[in-house]
>>> print(open('protein-v4.pdb').read())   # PDB, C-alpha atoms, pLDDT in the B column
ATOM      1  CA  MET Y   1      43.477 183.181  51.879  1.00 86.00           C
ATOM      2  CA  THR Y   2      43.288 181.424  55.212  1.00 86.00           C
ATOM      3  CA  GLU Y   3      40.840 178.694  56.143  1.00 88.00           C
ATOM      4  CA  LYS Y   4      38.925 181.172  58.302  1.00 91.00           C
ATOM      5  CA  GLU Y   5      38.673 183.640  55.412  1.00 91.00           C
ATOM      6  CA  TYR Y   6      37.409 180.843  53.175  1.00 90.00           C
ATOM      7  CA  ASN Y   7      34.727 179.980  55.738  1.00 90.00           C
ATOM      8  CA  ASP Y   8      33.822 183.673  55.928  1.00 91.00           C
ATOM      9  CA  CYS Y   9      33.410 183.640  52.128  1.00 89.00           C
ATOM     10  CA  VAL Y  10      31.012 180.721  52.406  1.00 90.00           C
ATOM     11  CA  ASP Y  11      28.997 182.576  55.052  1.00 91.00           C
ATOM     12  CA  LEU Y  12      29.012 185.857  53.129  1.00 90.00           C
ATOM     13  CA  TYR Y  13      28.482 184.749  49.541  1.00 90.00           C
ATOM     14  CA  ALA Y  14      26.868 181.303  49.358  1.00 90.00           C
ATOM     15  CA  ASP Y  15      23.271 182.568  49.442  1.00 91.00           C
ATOM     16  CA  ARG Y  16      23.873 185.391  46.975  1.00 90.00           C
ATOM     17  CA  LEU Y  17      25.724 183.086  44.593  1.00 91.00           C
ATOM     18  CA  TYR Y  18      22.934 180.520  44.807  1.00 91.00           C
ATOM     19  CA  ARG Y  19      20.274 183.174  44.103  1.00 88.00           C
ATOM     20  CA  PHE Y  20      22.248 184.406  41.109  1.00 88.00           C
ATOM     21  CA  VAL Y  21      22.581 180.927  39.613  1.00 88.00           C
ATOM     22  CA  VAL Y  22      19.031 179.758  40.336  1.00 87.00           C
ATOM     23  CA  LYS Y  23      17.544 182.977  38.914  1.00 84.00           C
ATOM     24  CA  ASN Y  24      19.504 182.461  35.710  1.00 83.00           C
ATOM     25  CA  LEU Y  25      18.976 178.731  35.304  1.00 83.00           C
ATOM     26  CA  GLY Y  26      15.684 178.197  37.092  1.00 81.00           C
ATOM     27  CA  GLN Y  27      16.912 174.832  38.349  1.00 82.00           C
ATOM     28  CA  GLU Y  28      17.517 174.571  42.075  1.00 87.00           C
ATOM     29  CA  GLU Y  29      19.447 171.297  42.026  1.00 87.00           C
ATOM     30  CA  THR Y  30      21.760 172.468  39.259  1.00 87.00           C
ATOM     31  CA  ALA Y  31      22.230 175.796  41.047  1.00 89.00           C
ATOM     32  CA  ARG Y  32      23.323 173.997  44.231  1.00 89.00           C
ATOM     33  CA  ASP Y  33      25.789 171.926  42.207  1.00 89.00           C
ATOM     34  CA  LEU Y  34      27.266 174.944  40.455  1.00 90.00           C
ATOM     35  CA  VAL Y  35      27.616 176.870  43.713  1.00 91.00           C
ATOM     36  CA  GLN Y  36      29.430 173.908  45.207  1.00 90.00           C
ATOM     37  CA  VAL Y  37      31.707 173.724  42.159  1.00 89.00           C
ATOM     38  CA  SER Y  38      32.478 177.432  42.586  1.00 91.00           C
ATOM     39  CA  PHE Y  39      33.415 177.024  46.236  1.00 91.00           C
ATOM     40  CA  GLU Y  40      35.471 173.905  45.470  1.00 90.00           C
ATOM     41  CA  ARG Y  41      37.446 175.857  42.892  1.00 91.00           C
ATOM     42  CA  LEU Y  42      37.944 178.691  45.389  1.00 90.00           C
ATOM     43  CA  TRP Y  43      39.254 176.177  47.933  1.00 90.00           C
ATOM     44  CA  GLN Y  44      41.635 174.685  45.371  1.00 90.00           C
ATOM     45  CA  HIS Y  45      42.994 178.138  44.536  1.00 90.00           C
ATOM     46  CA  ARG Y  46      42.723 179.715  47.992  1.00 89.00           C
ATOM     47  CA  LYS Y  47      46.452 180.442  48.122  1.00 90.00           C
ATOM     48  CA  GLU Y  48      46.287 182.477  44.893  1.00 91.00           C
ATOM     49  CA  VAL Y  49      42.999 184.315  45.606  1.00 89.00           C
ATOM     50  CA  ALA Y  50      42.989 187.221  48.041  1.00 89.00           C
ATOM     51  CA  PHE Y  51      40.048 187.453  50.418  1.00 90.00           C
ATOM     52  CA  ALA Y  52      39.117 190.859  48.982  1.00 90.00           C
ATOM     53  CA  LYS Y  53      38.802 189.327  45.487  1.00 89.00           C
ATOM     54  CA  ALA Y  54      36.945 186.169  46.546  1.00 90.00           C
ATOM     55  CA  LYS Y  55      33.437 187.456  45.765  1.00 90.00           C
ATOM     56  CA  SER Y  56      34.377 188.426  42.232  1.00 89.00           C
ATOM     57  CA  TYR Y  57      36.242 185.141  41.791  1.00 90.00           C
ATOM     58  CA  LEU Y  58      33.226 183.108  42.938  1.00 90.00           C
ATOM     59  CA  PHE Y  59      30.793 184.905  40.640  1.00 89.00           C
ATOM     60  CA  THR Y  60      33.201 184.543  37.713  1.00 89.00           C
ATOM     61  CA  ILE Y  61      33.494 180.801  38.295  1.00 90.00           C
ATOM     62  CA  ALA Y  62      29.713 180.450  38.680  1.00 89.00           C
ATOM     63  CA  TYR Y  63      29.079 182.496  35.532  1.00 88.00           C
ATOM     64  CA  HIS Y  64      31.383 180.321  33.444  1.00 87.00           C
ATOM     65  CA  ALA Y  65      29.963 177.147  34.988  1.00 88.00           C
ATOM     66  CA  MET Y  66      26.451 178.296  33.980  1.00 87.00           C
ATOM     67  CA  ILE Y  67      27.606 179.008  30.440  1.00 84.00           C
ATOM     68  CA  ASP Y  68      29.143 175.533  30.229  1.00 83.00           C
ATOM     69  CA  HIS Y  69      25.980 173.973  31.636  1.00 84.00           C
ATOM     70  CA  LEU Y  70      23.811 175.846  29.129  1.00 81.00           C
ATOM     71  CA  ARG Y  71      26.014 174.783  26.224  1.00 78.00           C
ATOM     72  CA  VAL Y  72      25.756 171.154  27.204  1.00 73.00           C
ATOM     73  CA  ASN Y  73      22.012 171.267  27.858  1.00 70.00           C
ATOM     74  CA  ARG Y  74      20.778 173.758  25.274  1.00 66.00           C
ATOM     75  CA  PHE Y  75      19.099 171.147  23.090  1.00 55.00           C
ATOM     76  CA  ARG Y  76      17.225 169.497  25.894  1.00 54.00           C
ATOM     77  CA  HIS Y  77      13.645 170.382  26.781  1.00 49.00           C
ATOM     78  CA  HIS Y  78      12.397 173.943  26.226  1.00 47.00           C
ATOM     79  CA  VAL Y  79       9.009 174.968  27.550  1.00 47.00           C
ATOM     80  CA  PRO Y  80       7.519 177.944  25.701  1.00 48.00           C
ATOM     81  CA  LEU Y  81       5.914 180.675  27.772  1.00 49.00           C
ATOM     82  CA  HIS Y  82       2.361 181.803  27.190  1.00 50.00           C
ATOM     83  CA  PRO Y  83       1.903 185.499  27.959  1.00 50.00           C
ATOM     84  CA  GLU Y  84      -1.867 185.195  27.550  1.00 49.00           C
ATOM     85  CA  ALA Y  85      -2.000 183.792  31.066  1.00 48.00           C
ATOM     86  CA  PHE Y  86      -0.948 187.186  32.446  1.00 46.00           C
ATOM     87  CA  VAL Y  87      -3.165 189.546  30.469  1.00 48.00           C
ATOM     88  CA  GLN Y  88      -4.891 191.009  33.530  1.00 51.00           C
ATOM     89  CA  GLN Y  89      -3.104 193.308  35.940  1.00 53.00           C
ATOM     90  CA  PRO Y  90      -1.366 191.496  38.823  1.00 50.00           C
ATOM     91  CA  ARG Y  91      -2.788 192.197  42.244  1.00 60.00           C
ATOM     92  CA  THR Y  92      -0.072 191.091  44.634  1.00 71.00           C
ATOM     93  CA  GLU Y  93       3.646 191.650  45.003  1.00 71.00           C
ATOM     94  CA  TRP Y  94       4.154 187.904  44.499  1.00 74.00           C
ATOM     95  CA  GLU Y  95       2.330 188.056  41.138  1.00 75.00           C
ATOM     96  CA  VAL Y  96       4.520 190.950  40.004  1.00 74.00           C
ATOM     97  CA  LYS Y  97       7.689 189.069  41.006  1.00 77.00           C
ATOM     98  CA  HIS Y  98       6.444 185.980  39.186  1.00 79.00           C
ATOM     99  CA  ILE Y  99       5.800 187.984  36.021  1.00 79.00           C
ATOM    100  CA  VAL Y 100       9.231 189.647  36.172  1.00 81.00           C
ATOM    101  CA  GLU Y 101      10.874 186.223  36.543  1.00 82.00           C
ATOM    102  CA  LYS Y 102       8.941 184.906  33.542  1.00 83.00           C
ATOM    103  CA  ALA Y 103       9.908 187.991  31.537  1.00 84.00           C
ATOM    104  CA  LEU Y 104      13.573 187.523  32.477  1.00 85.00           C
ATOM    105  CA  ASN Y 105      13.361 183.934  31.272  1.00 84.00           C
ATOM    106  CA  GLU Y 106      12.258 185.166  27.853  1.00 85.00           C
ATOM    107  CA  LEU Y 107      15.478 187.140  27.384  1.00 86.00           C
ATOM    108  CA  ASP Y 108      18.531 185.491  25.900  1.00 85.00           C
ATOM    109  CA  GLN Y 109      20.951 184.115  28.470  1.00 85.00           C
ATOM    110  CA  THR Y 110      23.537 186.897  28.176  1.00 86.00           C
ATOM    111  CA  GLN Y 111      20.916 189.601  28.647  1.00 87.00           C
ATOM    112  CA  LYS Y 112      19.428 187.802  31.629  1.00 88.00           C
ATOM    113  CA  MET Y 113      22.803 187.303  33.313  1.00 87.00           C
ATOM    114  CA  LEU Y 114      23.792 190.930  32.817  1.00 90.00           C
ATOM    115  CA  ILE Y 115      20.554 192.159  34.375  1.00 88.00           C
ATOM    116  CA  MET Y 116      20.973 189.739  37.258  1.00 86.00           C
ATOM    117  CA  LEU Y 117      24.560 190.819  37.916  1.00 87.00           C
ATOM    118  CA  LYS Y 118      23.807 194.542  37.710  1.00 87.00           C
ATOM    119  CA  ASP Y 119      20.293 194.960  39.060  1.00 84.00           C
ATOM    120  CA  TYR Y 120      19.922 192.006  41.436  1.00 81.00           C
ATOM    121  CA  GLU Y 121      23.480 191.548  42.700  1.00 82.00           C
ATOM    122  CA  GLY Y 122      24.557 195.187  42.461  1.00 84.00           C
ATOM    123  CA  TYR Y 123      27.844 194.738  40.624  1.00 87.00           C
ATOM    124  CA  ARG Y 124      29.496 197.711  38.951  1.00 88.00           C
ATOM    125  CA  TYR Y 125      30.039 197.678  35.193  1.00 90.00           C
ATOM    126  CA  GLU Y 126      33.773 197.044  35.623  1.00 90.00           C
ATOM    127  CA  GLU Y 127      33.126 194.033  37.846  1.00 89.00           C
ATOM    128  CA  ILE Y 128      30.600 192.623  35.378  1.00 89.00           C
ATOM    129  CA  ALA Y 129      33.146 193.004  32.578  1.00 90.00           C
ATOM    130  CA  GLN Y 130      35.681 191.101  34.652  1.00 90.00           C
ATOM    131  CA  ILE Y 131      33.203 188.332  35.559  1.00 87.00           C
ATOM    132  CA  THR Y 132      31.839 187.829  32.041  1.00 87.00           C
ATOM    133  CA  GLY Y 133      34.990 188.494  30.045  1.00 89.00           C
ATOM    134  CA  LEU Y 134      33.209 191.180  28.015  1.00 88.00           C
ATOM    135  CA  SER Y 135      34.687 194.627  27.462  1.00 91.00           C
ATOM    136  CA  LEU Y 136      33.326 197.512  29.517  1.00 90.00           C
ATOM    137  CA  ALA Y 137      31.695 198.997  26.404  1.00 91.00           C
ATOM    138  CA  GLN Y 138      30.059 195.659  25.553  1.00 91.00           C
ATOM    139  CA  VAL Y 139      28.672 195.349  29.078  1.00 91.00           C
ATOM    140  CA  LYS Y 140      27.108 198.809  28.874  1.00 90.00           C
ATOM    141  CA  VAL Y 141      25.637 198.268  25.411  1.00 91.00           C
ATOM    142  CA  TYR Y 142      24.384 194.744  26.121  1.00 91.00           C
ATOM    143  CA  LEU Y 143      22.866 195.823  29.435  1.00 91.00           C
ATOM    144  CA  HIS Y 144      21.087 198.733  27.750  1.00 90.00           C
ATOM    145  CA  ARG Y 145      19.694 196.374  25.114  1.00 90.00           C
ATOM    146  CA  ALA Y 146      18.741 193.835  27.767  1.00 90.00           C
ATOM    147  CA  ARG Y 147      16.760 196.407  29.735  1.00 88.00           C
ATOM    148  CA  LYS Y 148      15.072 197.594  26.563  1.00 89.00           C
ATOM    149  CA  SER Y 149      14.133 193.998  25.681  1.00 89.00           C
ATOM    150  CA  LEU Y 150      12.899 193.365  29.216  1.00 86.00           C
ATOM    151  CA  LYS Y 151      10.686 196.428  28.997  1.00 86.00           C
ATOM    152  CA  GLN Y 152       9.162 195.162  25.731  1.00 85.00           C
ATOM    153  CA  VAL Y 153       8.553 191.711  27.214  1.00 83.00           C
ATOM    154  CA  LEU Y 154       6.969 193.181  30.336  1.00 81.00           C
ATOM    155  CA  GLU Y 155       4.632 195.307  28.224  1.00 80.00           C
ATOM    156  CA  LYS Y 156       3.073 192.058  26.945  1.00 78.00           C
ATOM    157  CA  TYR Y 157       2.203 191.065  30.501  1.00 71.00           C
ATOM    158  CA  PHE Y 158       0.896 194.398  31.724  1.00 67.00           C
ATOM    159  CA  VAL Y 159      -2.029 195.481  29.563  1.00 58.00           C
ATOM    160  CA  SER Y 160      -3.261 198.986  30.292  1.00 46.00           C
TER     161      SER Y 160
END
>>> encode(input="protein-v4.pdb", output="structure tokens")
Amino acid sequence: MTEKEYNDCVDLYADRLYRFVVKNLGQEETARDLVQVSFERLWQHRKEVAFAKAKSYLFTIAYHAMIDHLRVNRFRHHVPLHPEAFVQQPRTEWEVKHIVEKALNELDQTQKMLIMLKDYEGYRYEEIAQITGLSLAQVKVYLHRARKSLKQVLEKYFVS
């Protein structure tokens, strides 16, 4: 990969990578750090990584960096969510987005990341398997379970 191609990667993927990390971690500062780590690693390995594979490479690095971060910080503060605050129907698009984000945060980390990769970032199952290191069958099963869990969590927020 040339220097120009690397700069094109930064232009093309930095925002999407940041959104992916911040949606999963909910910490903007940490997300910026992990995105920077991902691009540093791409720069270090630019001669081995083809431009066409750079997006997948970046998301793989970011995914593993998030997992490492979560392992290190899993015993630090945890704020429980209170669904009672959302018993009434939301009225605005912003309220709906807020509720979906809260519901995503109630899922376990693997489920949340799979939904983010598939439904927010638009990756194919094969690409998700490559990024996460899971088998294709595991990705499909885990994603199905994640969506089912998300539906159950959302039902708590939206009372008919």
>>> resolve_selection(input="protein-v4.pdb", expression="the PyMOL selection byres ((chain Y and resi 25-39) around 10)", output="VMD selection string")
chain Y and resid 6 9 to 10 13 to 24 40 to 46 54 57 to 67 69 to 70 101 105 109 112 to 113
>>> closest_residue(input="protein-v4.pdb", among="Y:Lys148, Y:Thr92, Y:Leu104, Y:Lys55", to="Y:Ile128", atoms="only C-alpha atoms")
Y:Lys55
>>> atom_distance(input="protein-v4.pdb", atom1="atom CA of Y:Asp108", atom2="atom CA of Y:Glu95")
22.4 Å
>>> residues_near_point(input="protein-v4.pdb", point="(34.3, 198.8, 36.5)", cutoff="9 Å", atoms="only C-alpha atoms", output="number ranges by chain")
Y: 123-130, 136
>>> write_last_selection(input="protein-v4.pdb", atoms="C-alpha atoms", output="PDB file, keeping the file's coordinate frame")
ATOM      1  CA  TYR Y 123      27.844 194.738  40.624  1.00 87.00           C
ATOM      2  CA  ARG Y 124      29.496 197.711  38.951  1.00 88.00           C
ATOM      3  CA  TYR Y 125      30.039 197.678  35.193  1.00 90.00           C
ATOM      4  CA  GLU Y 126      33.773 197.044  35.623  1.00 90.00           C
ATOM      5  CA  GLU Y 127      33.126 194.033  37.846  1.00 89.00           C
ATOM      6  CA  ILE Y 128      30.600 192.623  35.378  1.00 89.00           C
ATOM      7  CA  ALA Y 129      33.146 193.004  32.578  1.00 90.00           C
ATOM      8  CA  GLN Y 130      35.681 191.101  34.652  1.00 90.00           C
ATOM      9  CA  LEU Y 136      33.326 197.512  29.517  1.00 90.00           C
TER      10      LEU Y 136
END
>>> closest_residue(input="protein-v4.pdb", among="Y:Asn73, Y:Thr132, Y:Thr2, Y:Gln152", to="Y:Thr110", atoms="all atoms listed in the file")
Y:Thr132
>>> closest_residue(input="protein-v4.pdb", among="Y:Glu93, Y:Asp11, Y:Glu106, Y:Glu3", to="Y:Leu154", atoms="all atoms listed in the file")
Y:Glu106
>>> resolve_selection(input="protein-v4.pdb", expression="the PyMOL selection byres ((chain Y and resi 147) around 10)", output="PyMOL selection string")
chain Y and resi 104+107+111-112+114-115+142-146+148-153
>>> atom_distance(input="protein-v4.pdb", atom1="atom CA of Y:Ile99", atom2="atom CA of Y:Tyr157")
7.3 Å
>>> axis_aligned_box(input="protein-v4.pdb", around="stretch 22-30 of chain Y", padding_each_side="6 Å", output="JSON")
{"center_x": 18.7, "center_y": 177.1, "center_z": 38.7, "size_x": 18.1, "size_y": 23.7, "size_z": 18.8}
>>> atom_distance(input="protein-v4.pdb", atom1="atom CA of Y:Leu117", atom2="atom CA of Y:Ser135")
15.0 Å
